[in-house]
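Enquirer: Next comes the structure file coords.pdb, holding PDB, C-alpha atoms, pLDDT in the B column.
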```
ATOM      1  CA  MET D 127     -16.244  11.050  13.159  1.00 42.00           C
ATOM      2  CA  PHE D 128     -13.369  12.371  11.063  1.00 47.00           C
ATOM      3  CA  ASP D 129     -14.322  14.816   8.349  1.00 53.00           C
ATOM      4  CA  ALA D 130     -12.574  15.466   5.076  1.00 69.00           C
ATOM      5  CA  THR D 131     -12.055  11.951   3.800  1.00 86.00           C
ATOM      6  CA  THR D 132     -13.502   8.601   2.890  1.00 95.00           C
ATOM      7  CA  ILE D 133     -11.478   5.389   2.852  1.00 97.00           C
ATOM      8  CA  LEU D 134     -12.963   2.044   1.784  1.00 98.00           C
ATOM      9  CA  ALA D 135     -11.244  -1.341   1.803  1.00 98.00           C
ATOM     10  CA  TYR D 136     -12.399  -4.688   0.450  1.00 98.00           C
ATOM     11  CA  LYS D 137     -10.654  -8.013   0.962  1.00 96.00           C
ATOM     12  CA  GLY D 138     -12.100 -10.193  -1.762  1.00 93.00           C
ATOM     13  CA  LYS D 139     -11.332 -13.643  -3.131  1.00 91.00           C
ATOM     14  CA  ASN D 140      -8.880 -12.472  -5.784  1.00 90.00           C
ATOM     15  CA  LYS D 141      -7.708  -9.048  -4.633  1.00 95.00           C
ATOM     16  CA  ALA D 142      -7.326  -6.859  -1.587  1.00 97.00           C
ATOM     17  CA  VAL D 143      -8.224  -3.275  -2.557  1.00 98.00           C
ATOM     18  CA  ILE D 144      -8.195   0.041  -0.746  1.00 98.00           C
ATOM     19  CA  GLY D 145      -9.472   3.323  -2.105  1.00 98.00           C
ATOM     20  CA  GLY D 146      -9.827   6.883  -0.995  1.00 97.00           C
ATOM     21  CA  ASP D 147     -11.126  10.164  -2.259  1.00 96.00           C
ATOM     22  CA  GLY D 148      -8.849  13.133  -2.837  1.00 93.00           C
ATOM     23  CA  GLN D 149     -10.548  15.933  -0.933  1.00 91.00           C
ATOM     24  CA  VAL D 150      -8.819  17.787   1.889  1.00 86.00           C
ATOM     25  CA  THR D 151     -10.891  20.342   3.763  1.00 84.00           C
ATOM     26  CA  PHE D 152     -10.241  22.883   6.448  1.00 80.00           C
ATOM     27  CA  GLY D 153     -13.515  23.844   8.086  1.00 78.00           C
ATOM     28  CA  ASN D 154     -15.863  24.631   5.227  1.00 82.00           C
ATOM     29  CA  THR D 155     -13.104  25.195   2.658  1.00 86.00           C
ATOM     30  CA  VAL D 156     -11.721  22.671   0.197  1.00 87.00           C
ATOM     31  CA  LEU D 157      -7.936  23.012   0.318  1.00 86.00           C
ATOM     32  CA  LYS D 158      -7.049  20.289  -2.150  1.00 89.00           C
ATOM     33  CA  GLY D 159      -8.952  17.912  -4.389  1.00 91.00           C
ATOM     34  CA  ASN D 160      -6.316  15.372  -5.377  1.00 93.00           C
ATOM     35  CA  ALA D 161      -4.662  14.236  -2.148  1.00 90.00           C
ATOM     36  CA  THR D 162      -3.459  10.660  -1.717  1.00 91.00           C
ATOM     37  CA  LYS D 163      -4.650   9.119   1.565  1.00 92.00           C
ATOM     38  CA  ILE D 164      -3.739   5.507   0.862  1.00 96.00           C
ATOM     39  CA  ARG D 165      -0.421   3.728   0.475  1.00 95.00           C
ATOM     40  CA  THR D 166       1.278   0.390   0.224  1.00 96.00           C
ATOM     41  CA  LEU D 167       3.495  -0.736   3.079  1.00 96.00           C
ATOM     42  CA  TYR D 168       5.940  -3.540   3.797  1.00 96.00           C
ATOM     43  CA  LYS D 169       7.198  -4.553   0.363  1.00 95.00           C
ATOM     44  CA  GLY D 170       3.792  -3.984  -1.219  1.00 95.00           C
ATOM     45  CA  GLU D 171       2.168  -6.688   0.929  1.00 96.00           C
ATOM     46  CA  ILE D 172       0.047  -4.356   3.095  1.00 97.00           C
ATOM     47  CA  LEU D 173      -2.409  -1.638   2.104  1.00 98.00           C
ATOM     48  CA  ALA D 174      -3.266   1.250   4.428  1.00 97.00           C
ATOM     49  CA  GLY D 175      -5.565   4.260   4.432  1.00 96.00           C
ATOM     50  CA  PHE D 176      -5.967   7.133   6.839  1.00 92.00           C
ATOM     51  CA  ALA D 177      -8.716   9.466   8.012  1.00 89.00           C
ATOM     52  CA  GLY D 178      -7.694  12.485  10.055  1.00 81.00           C
ATOM     53  CA  SER D 179      -5.036  15.182   9.925  1.00 75.00           C
ATOM     54  CA  THR D 180      -2.487  14.858   7.110  1.00 72.00           C
ATOM     55  CA  ALA D 181       0.450  15.547   9.422  1.00 71.00           C
ATOM     56  CA  ASP D 182      -0.753  12.809  11.751  1.00 76.00           C
ATOM     57  CA  ALA D 183      -1.059  10.411   8.820  1.00 78.00           C
ATOM     58  CA  PHE D 184       2.619  10.578   7.932  1.00 79.00           C
ATOM     59  CA  ASN D 185       3.640   9.997  11.540  1.00 81.00           C
ATOM     60  CA  LEU D 186       1.267   7.071  12.037  1.00 85.00           C
ATOM     61  CA  PHE D 187       2.100   5.424   8.698  1.00 87.00           C
ATOM     62  CA  ASP D 188       5.802   5.551   9.591  1.00 88.00           C
ATOM     63  CA  MET D 189       5.139   4.195  13.076  1.00 89.00           C
ATOM     64  CA  PHE D 190       2.976   1.375  11.730  1.00 93.00           C
ATOM     65  CA  GLU D 191       5.530   0.467   9.075  1.00 94.00           C
ATOM     66  CA  GLN D 192       8.153   0.091  11.821  1.00 95.00           C
ATOM     67  CA  HIS D 193       5.888  -2.430  13.550  1.00 96.00           C
ATOM     68  CA  LEU D 194       5.496  -4.303  10.267  1.00 97.00           C
ATOM     69  CA  GLU D 195       9.279  -4.449   9.936  1.00 96.00           C
ATOM     70  CA  ASN D 196       9.632  -5.678  13.521  1.00 96.00           C
ATOM     71  CA  THR D 197       7.071  -8.445  12.943  1.00 97.00           C
ATOM     72  CA  LYS D 198       8.416  -9.351   9.474  1.00 97.00           C
ATOM     73  CA  GLY D 199       5.133  -8.339   7.873  1.00 95.00           C
ATOM     74  CA  ASP D 200       2.817 -10.252  10.228  1.00 97.00           C
ATOM     75  CA  LEU D 201      -0.199  -7.952  10.028  1.00 97.00           C
ATOM     76  CA  LEU D 202      -2.015  -9.331  13.083  1.00 96.00           C
ATOM     77  CA  LYS D 203       1.019  -8.960  15.364  1.00 97.00           C
ATOM     78  CA  ALA D 204       1.816  -5.525  13.928  1.00 97.00           C
ATOM     79  CA  VAL D 205      -1.690  -4.111  14.501  1.00 96.00           C
ATOM     80  CA  VAL D 206      -1.740  -5.297  18.107  1.00 94.00           C
ATOM     81  CA  ALA D 207       1.701  -3.828  18.871  1.00 94.00           C
ATOM     82  CA  PHE D 208       0.911  -0.620  17.000  1.00 92.00           C
ATOM     83  CA  SER D 209      -2.415  -0.118  18.777  1.00 89.00           C
ATOM     84  CA  LYS D 210      -0.799  -0.627  22.177  1.00 87.00           C
ATOM     85  CA  GLU D 211       1.855   1.965  21.396  1.00 86.00           C
ATOM     86  CA  TRP D 212      -0.664   4.392  19.904  1.00 82.00           C
ATOM     87  CA  ARG D 213      -2.926   4.058  22.959  1.00 80.00           C
ATOM     88  CA  LYS D 214      -0.126   4.400  25.519  1.00 81.00           C
ATOM     89  CA  ASP D 215       1.563   7.450  23.998  1.00 75.00           C
ATOM     90  CA  LYS D 216       0.084  10.579  25.598  1.00 74.00           C
ATOM     91  CA  VAL D 217       0.560  12.702  22.490  1.00 73.00           C
ATOM     92  CA  LEU D 218      -0.425  10.121  19.877  1.00 71.00           C
ATOM     93  CA  ARG D 219      -3.608   8.986  21.581  1.00 67.00           C
ATOM     94  CA  ARG D 220      -4.946  12.528  21.345  1.00 70.00           C
ATOM     95  CA  LEU D 221      -4.758  12.415  17.569  1.00 73.00           C
ATOM     96  CA  GLU D 222      -8.145  12.398  15.928  1.00 72.00           C
ATOM     97  CA  ALA D 223      -7.347   9.691  13.464  1.00 82.00           C
ATOM     98  CA  MET D 224      -8.278   6.252  12.217  1.00 90.00           C
ATOM     99  CA  MET D 225      -6.596   3.802   9.877  1.00 93.00           C
ATOM    100  CA  ILE D 226      -7.616   0.820   7.796  1.00 97.00           C
ATOM    101  CA  VAL D 227      -4.931  -1.769   7.100  1.00 98.00           C
ATOM    102  CA  LEU D 228      -5.297  -4.974   5.122  1.00 98.00           C
ATOM    103  CA  ASN D 229      -3.561  -7.729   3.268  1.00 97.00           C
ATOM    104  CA  LYS D 230      -4.896 -10.816   1.489  1.00 95.00           C
ATOM    105  CA  GLU D 231      -5.767 -12.510   4.808  1.00 95.00           C
ATOM    106  CA  HIS D 232      -6.896  -9.766   7.210  1.00 96.00           C
ATOM    107  CA  ILE D 233      -8.569  -6.360   7.322  1.00 97.00           C
ATOM    108  CA  PHE D 234      -8.547  -4.090  10.404  1.00 97.00           C
ATOM    109  CA  ILE D 235      -9.757  -0.679  11.528  1.00 96.00           C
ATOM    110  CA  LEU D 236      -7.372   0.978  14.011  1.00 92.00           C
ATOM    111  CA  SER D 237      -7.884   3.993  16.264  1.00 84.00           C
ATOM    112  CA  GLY D 238      -5.968   5.997  18.830  1.00 74.00           C
ATOM    113  CA  THR D 239      -8.224   4.700  21.583  1.00 77.00           C
ATOM    114  CA  GLY D 240      -6.595   1.300  21.121  1.00 78.00           C
ATOM    115  CA  ASP D 241      -9.321  -0.218  18.988  1.00 86.00           C
ATOM    116  CA  VAL D 242      -8.373  -3.059  16.665  1.00 93.00           C
ATOM    117  CA  VAL D 243     -11.572  -3.993  14.868  1.00 94.00           C
ATOM    118  CA  GLU D 244     -11.873  -6.716  12.272  1.00 95.00           C
ATOM    119  CA  PRO D 245     -15.146  -6.204  10.395  1.00 94.00           C
ATOM    120  CA  GLU D 246     -17.766  -8.813  11.203  1.00 91.00           C
ATOM    121  CA  ASP D 247     -17.924  -9.935   7.586  1.00 92.00           C
ATOM    122  CA  GLY D 248     -14.116  -9.903   7.389  1.00 91.00           C
ATOM    123  CA  GLN D 249     -14.278  -8.266   3.983  1.00 96.00           C
ATOM    124  CA  ILE D 250     -15.385  -4.630   3.865  1.00 97.00           C
ATOM    125  CA  ALA D 251     -14.383  -1.683   6.066  1.00 98.00           C
ATOM    126  CA  ALA D 252     -14.734   2.088   5.762  1.00 97.00           C
ATOM    127  CA  ILE D 253     -13.670   5.136   7.757  1.00 95.00           C
ATOM    128  CA  GLY D 254     -14.029   8.886   7.476  1.00 93.00           C
ATOM    129  CA  SER D 255     -16.938  11.232   7.050  1.00 91.00           C
ATOM    130  CA  GLY D 256     -18.239   9.384   3.997  1.00 94.00           C
ATOM    131  CA  GLY D 257     -17.472   5.960   5.424  1.00 95.00           C
ATOM    132  CA  ASN D 258     -21.059   4.997   6.161  1.00 96.00           C
ATOM    133  CA  PHE D 259     -22.135   5.981   2.640  1.00 97.00           C
ATOM    134  CA  ALA D 260     -19.254   4.024   1.101  1.00 98.00           C
ATOM    135  CA  ILE D 261     -19.756   0.860   3.142  1.00 97.00           C
ATOM    136  CA  SER D 262     -23.506   0.869   2.482  1.00 97.00           C
ATOM    137  CA  ALA D 263     -22.909   1.184  -1.238  1.00 98.00           C
ATOM    138  CA  ALA D 264     -20.175  -1.482  -1.153  1.00 98.00           C
ATOM    139  CA  ARG D 265     -22.399  -3.968   0.655  1.00 97.00           C
ATOM    140  CA  ALA D 266     -25.243  -3.409  -1.811  1.00 98.00           C
ATOM    141  CA  LEU D 267     -22.917  -3.744  -4.795  1.00 98.00           C
ATOM    142  CA  PHE D 268     -21.377  -6.892  -3.334  1.00 96.00           C
ATOM    143  CA  LYS D 269     -24.784  -8.443  -2.772  1.00 96.00           C
ATOM    144  CA  HIS D 270     -26.424  -7.444  -6.059  1.00 98.00           C
ATOM    145  CA  THR D 271     -23.661  -7.314  -8.685  1.00 96.00           C
ATOM    146  CA  GLN D 272     -20.737  -9.322  -9.965  1.00 95.00           C
ATOM    147  CA  MET D 273     -18.226  -6.444  -9.856  1.00 96.00           C
ATOM    148  CA  ASP D 274     -14.611  -7.280  -9.215  1.00 95.00           C
ATOM    149  CA  GLU D 275     -13.012  -5.921  -6.068  1.00 96.00           C
ATOM    150  CA  GLU D 276     -11.406  -2.817  -7.538  1.00 97.00           C
ATOM    151  CA  GLU D 277     -14.461  -1.831  -9.558  1.00 97.00           C
ATOM    152  CA  LEU D 278     -16.665  -2.263  -6.465  1.00 98.00           C
ATOM    153  CA  VAL D 279     -14.432  -0.030  -4.322  1.00 98.00           C
ATOM    154  CA  LYS D 280     -14.316   2.684  -6.985  1.00 98.00           C
ATOM    155  CA  GLU D 281     -18.075   2.667  -7.564  1.00 98.00           C
ATOM    156  CA  ALA D 282     -18.917   2.676  -3.837  1.00 98.00           C
ATOM    157  CA  LEU D 283     -16.575   5.654  -3.310  1.00 98.00           C
ATOM    158  CA  MET D 284     -18.140   7.472  -6.255  1.00 98.00           C
ATOM    159  CA  ILE D 285     -21.554   7.008  -4.610  1.00 98.00           C
ATOM    160  CA  ALA D 286     -20.169   8.305  -1.297  1.00 97.00           C
ATOM    161  CA  GLY D 287     -18.788  11.313  -3.197  1.00 96.00           C
ATOM    162  CA  GLU D 288     -22.281  12.112  -4.447  1.00 96.00           C
ATOM    163  CA  LEU D 289     -23.657  12.176  -0.905  1.00 96.00           C
ATOM    164  CA  CYS D 290     -20.936  13.386   1.483  1.00 93.00           C
ATOM    165  CA  ILE D 291     -19.849  17.021   1.256  1.00 91.00           C
ATOM    166  CA  TYR D 292     -16.405  16.094   2.637  1.00 90.00           C
ATOM    167  CA  THR D 293     -15.815  13.479  -0.079  1.00 93.00           C
ATOM    168  CA  ASN D 294     -15.066  14.110  -3.737  1.00 95.00           C
ATOM    169  CA  GLN D 295     -14.990  11.786  -6.716  1.00 96.00           C
ATOM    170  CA  ASN D 296     -11.264  11.974  -7.369  1.00 96.00           C
ATOM    171  CA  ILE D 297     -10.791   8.317  -6.399  1.00 98.00           C
ATOM    172  CA  LYS D 298      -7.470   6.517  -6.065  1.00 97.00           C
ATOM    173  CA  THR D 299      -7.092   2.809  -5.422  1.00 98.00           C
ATOM    174  CA  LEU D 300      -4.321   0.362  -4.597  1.00 98.00           C
ATOM    175  CA  LYS D 301      -4.524  -3.403  -4.802  1.00 98.00           C
ATOM    176  CA  ILE D 302      -2.769  -6.622  -3.938  1.00 97.00           C
ATOM    177  CA  GLU D 303      -3.524  -9.440  -6.344  1.00 92.00           C
ATOM    178  CA  GLU D 304      -3.043 -13.195  -5.993  1.00 76.00           C
TER     179      GLU D 304
END
```
Represent the structure contained in this file as structure tokens.
Expert:
Amino acid sequence: MFDATTILAYKGKNKAVIGGDGQVTFGNTVLKGNATKIRTLYKGEILAGFAGSTADAFNLFDMFEQHLENTKGDLLKAVVAFSKEWRKDKVLRRLEAMMIVLNKEHIFILSGTGDVVEPEDGQIAAIGSGGNFAISAARALFKHTQMDEEELVKEALMIAGELCIYTNQNIKTLKIEE
């Protein structure tokens, strides 16, 4: 598990949304409370979030964006190529990191061990130390409320921030709308 962050993504009917908290920790110290761990890629058509070391995030985001360019934004082809490269590279595969990437059609969790996981429900994914709290809250909100996608992501991350010591409630979101 990767401490110091929580990323939650939801691919709904009208919007694809990703959100993350702003806390960066080093051991038991909070270094920063307003970090941005999510970004848009490939002409605003792809959303991505990262759990792990900040330095690793910049490297992996750049590497993934190159695969998106090479595949002309085809998310499925890009995640497969990216995961192969990440897994084969002796330095990169040692990174303790995970990513969530999504567009309006797909949502994937990626890891340095070569995993490309599409959530069983095809809609909600979470990573990081507060990921289990966030996904539990998101599933309950999805099932029992009529919240829109962005509101659901924000509220689920706020709940995770109440429970996980590595997650704060300084939530940022990005979205792709129809």
Enquirer: Please indicate the distance in Å from atom CA of D:Ile233 to atom CA of D:Tyr292, rounded to one decimal place.
Expert: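 Atom-to-atom, atom CA of D:Ile233 and atom CA of D:Tyr292 are spaced 24.2 Å apart.
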Enquirer: List the spatial neighbours of stretch 247-252 of chain D as number ranges by chain - criterion: any atom at most 10 Å away, all atoms listed in the file, same-chain residues fewer than 3 positions off excluded.
Expert: D: 132-139, 142-146, 175, 177, 225-228, 231-235, 243-244, 255-262, 264-265, 268, 279, 283
Enquirer: Can you tell me how far atom CA of D:Asn196 sits from atom CA of D:Glu304, in Å to one decimal?
Expert: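 Spanning atom CA of D:Asn196 to atom CA of D:Glu304 is a straight-line distance of 24.5 Å.
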Enquirer: Can you tell me, as a CSV table (one decimal) with C-alpha atoms, keeping the file's coordinate frame, which residues sit within 10 Å of (-0.4, 5.6, 6.3) in the file's frame, using all atoms listed in the file?
Expert:
```csv
chain,number,residue,atom,x,y,z
D,162,THR,CA,-3.5,10.7,-1.7
D,163,LYS,CA,-4.6,9.1,1.6
D,164,ILE,CA,-3.7,5.5,0.9
D,165,ARG,CA,-0.4,3.7,0.5
D,166,THR,CA,1.3,0.4,0.2
D,167,LEU,CA,3.5,-0.7,3.1
D,173,LEU,CA,-2.4,-1.6,2.1
D,174,ALA,CA,-3.3,1.2,4.4
D,175,GLY,CA,-5.6,4.3,4.4
D,176,PHE,CA,-6.0,7.1,6.8
D,177,ALA,CA,-8.7,9.5,8.0
D,180,THR,CA,-2.5,14.9,7.1
D,182,ASP,CA,-0.8,12.8,11.8
D,183,ALA,CA,-1.1,10.4,8.8
D,184,PHE,CA,2.6,10.6,7.9
D,185,ASN,CA,3.6,10.0,11.5
D,186,LEU,CA,1.3,7.1,12.0
D,187,PHE,CA,2.1,5.4,8.7
D,188,ASP,CA,5.8,5.6,9.6
D,189,MET,CA,5.1,4.2,13.1
D,190,PHE,CA,3.0,1.4,11.7
D,191,GLU,CA,5.5,0.5,9.1
D,224,MET,CA,-8.3,6.3,12.2
D,225,MET,CA,-6.6,3.8,9.9
D,226,ILE,CA,-7.6,0.8,7.8
D,227,VAL,CA,-4.9,-1.8,7.1
```
Enquirer: Go ahead and compute the interatomic distance for atom CA of D:His193 and atom CA of D:Phe208, in Å to one decimal.
Expert: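 Atom-to-atom, atom CA of D:His193 to atom CA of D:Phe208, that is 6.3 Å.
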Enquirer: For this file, the PyMOL selection byres ((chain D and resi 178) around 6) selects which residues, as a list in words?
Expert: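 Expected selection for the PyMOL selection byres ((chain D and resi 178) around 6) here is Phe128, Ala177, Ser179, Glu222 and Ala223 of chain D.
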Enquirer: So that I can check the surroundings of D:Thr151, please list as a CSV table (one decimal) with C-alpha atoms, keeping the file's coordinate frame every protein, DNA and RNA residue that reaches within 10 Å of it, counting all atoms listed in the file and ignoring chain neighbours fewer than 4 positions away.
Expert:
```csv
chain,number,residue,atom,x,y,z
D,129,ASP,CA,-14.3,14.8,8.3
D,130,ALA,CA,-12.6,15.5,5.1
D,131,THR,CA,-12.1,12.0,3.8
D,155,THR,CA,-13.1,25.2,2.7
D,156,VAL,CA,-11.7,22.7,0.2
D,157,LEU,CA,-7.9,23.0,0.3
D,158,LYS,CA,-7.0,20.3,-2.2
D,159,GLY,CA,-9.0,17.9,-4.4
D,179,SER,CA,-5.0,15.2,9.9
D,291,ILE,CA,-19.8,17.0,1.3
D,292,TYR,CA,-16.4,16.1,2.6
D,293,THR,CA,-15.8,13.5,-0.1
```
Enquirer: Residues proximal to (4.8, -4.7, 2.2) were defined as those with any atom within 10 Å of that point in the file's coordinates, counting only C-alpha atoms. Which are they, as a ChimeraX atom specification?
Expert: /D:166-173,191,194-195,198-201,229,302
Enquirer: Which is closer to D:Val217 than all the others in D:Gly148, D:Leu278, D:Gln192, D:Thr239, using all atoms listed in the file?
Expert: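 So, comparing all the options, the nearest one is D:Thr239.
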Enquirer: Name the residues that the PyMOL selection byres ((chain D and resi 296) around 6) pulls out of this structure, and write them as a list in words.
Expert: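 Output of the PyMOL selection byres ((chain D and resi 296) around 6): Asp147, Gly148, Asn294, Gln295 and Ile297 of chain D.
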Enquirer: Return as AutoDock Vina command-line options the box centre and box size in Å, one decimal, for an axis-aligned box around all listed atoms of stretch 260-269 of chain D padded by 8 Å per side.
Expert:
```
--center_x -22.2 --center_y -2.2 --center_z -0.8 --size_x 22.0 --size_y 28.5 --size_z 23.9
```
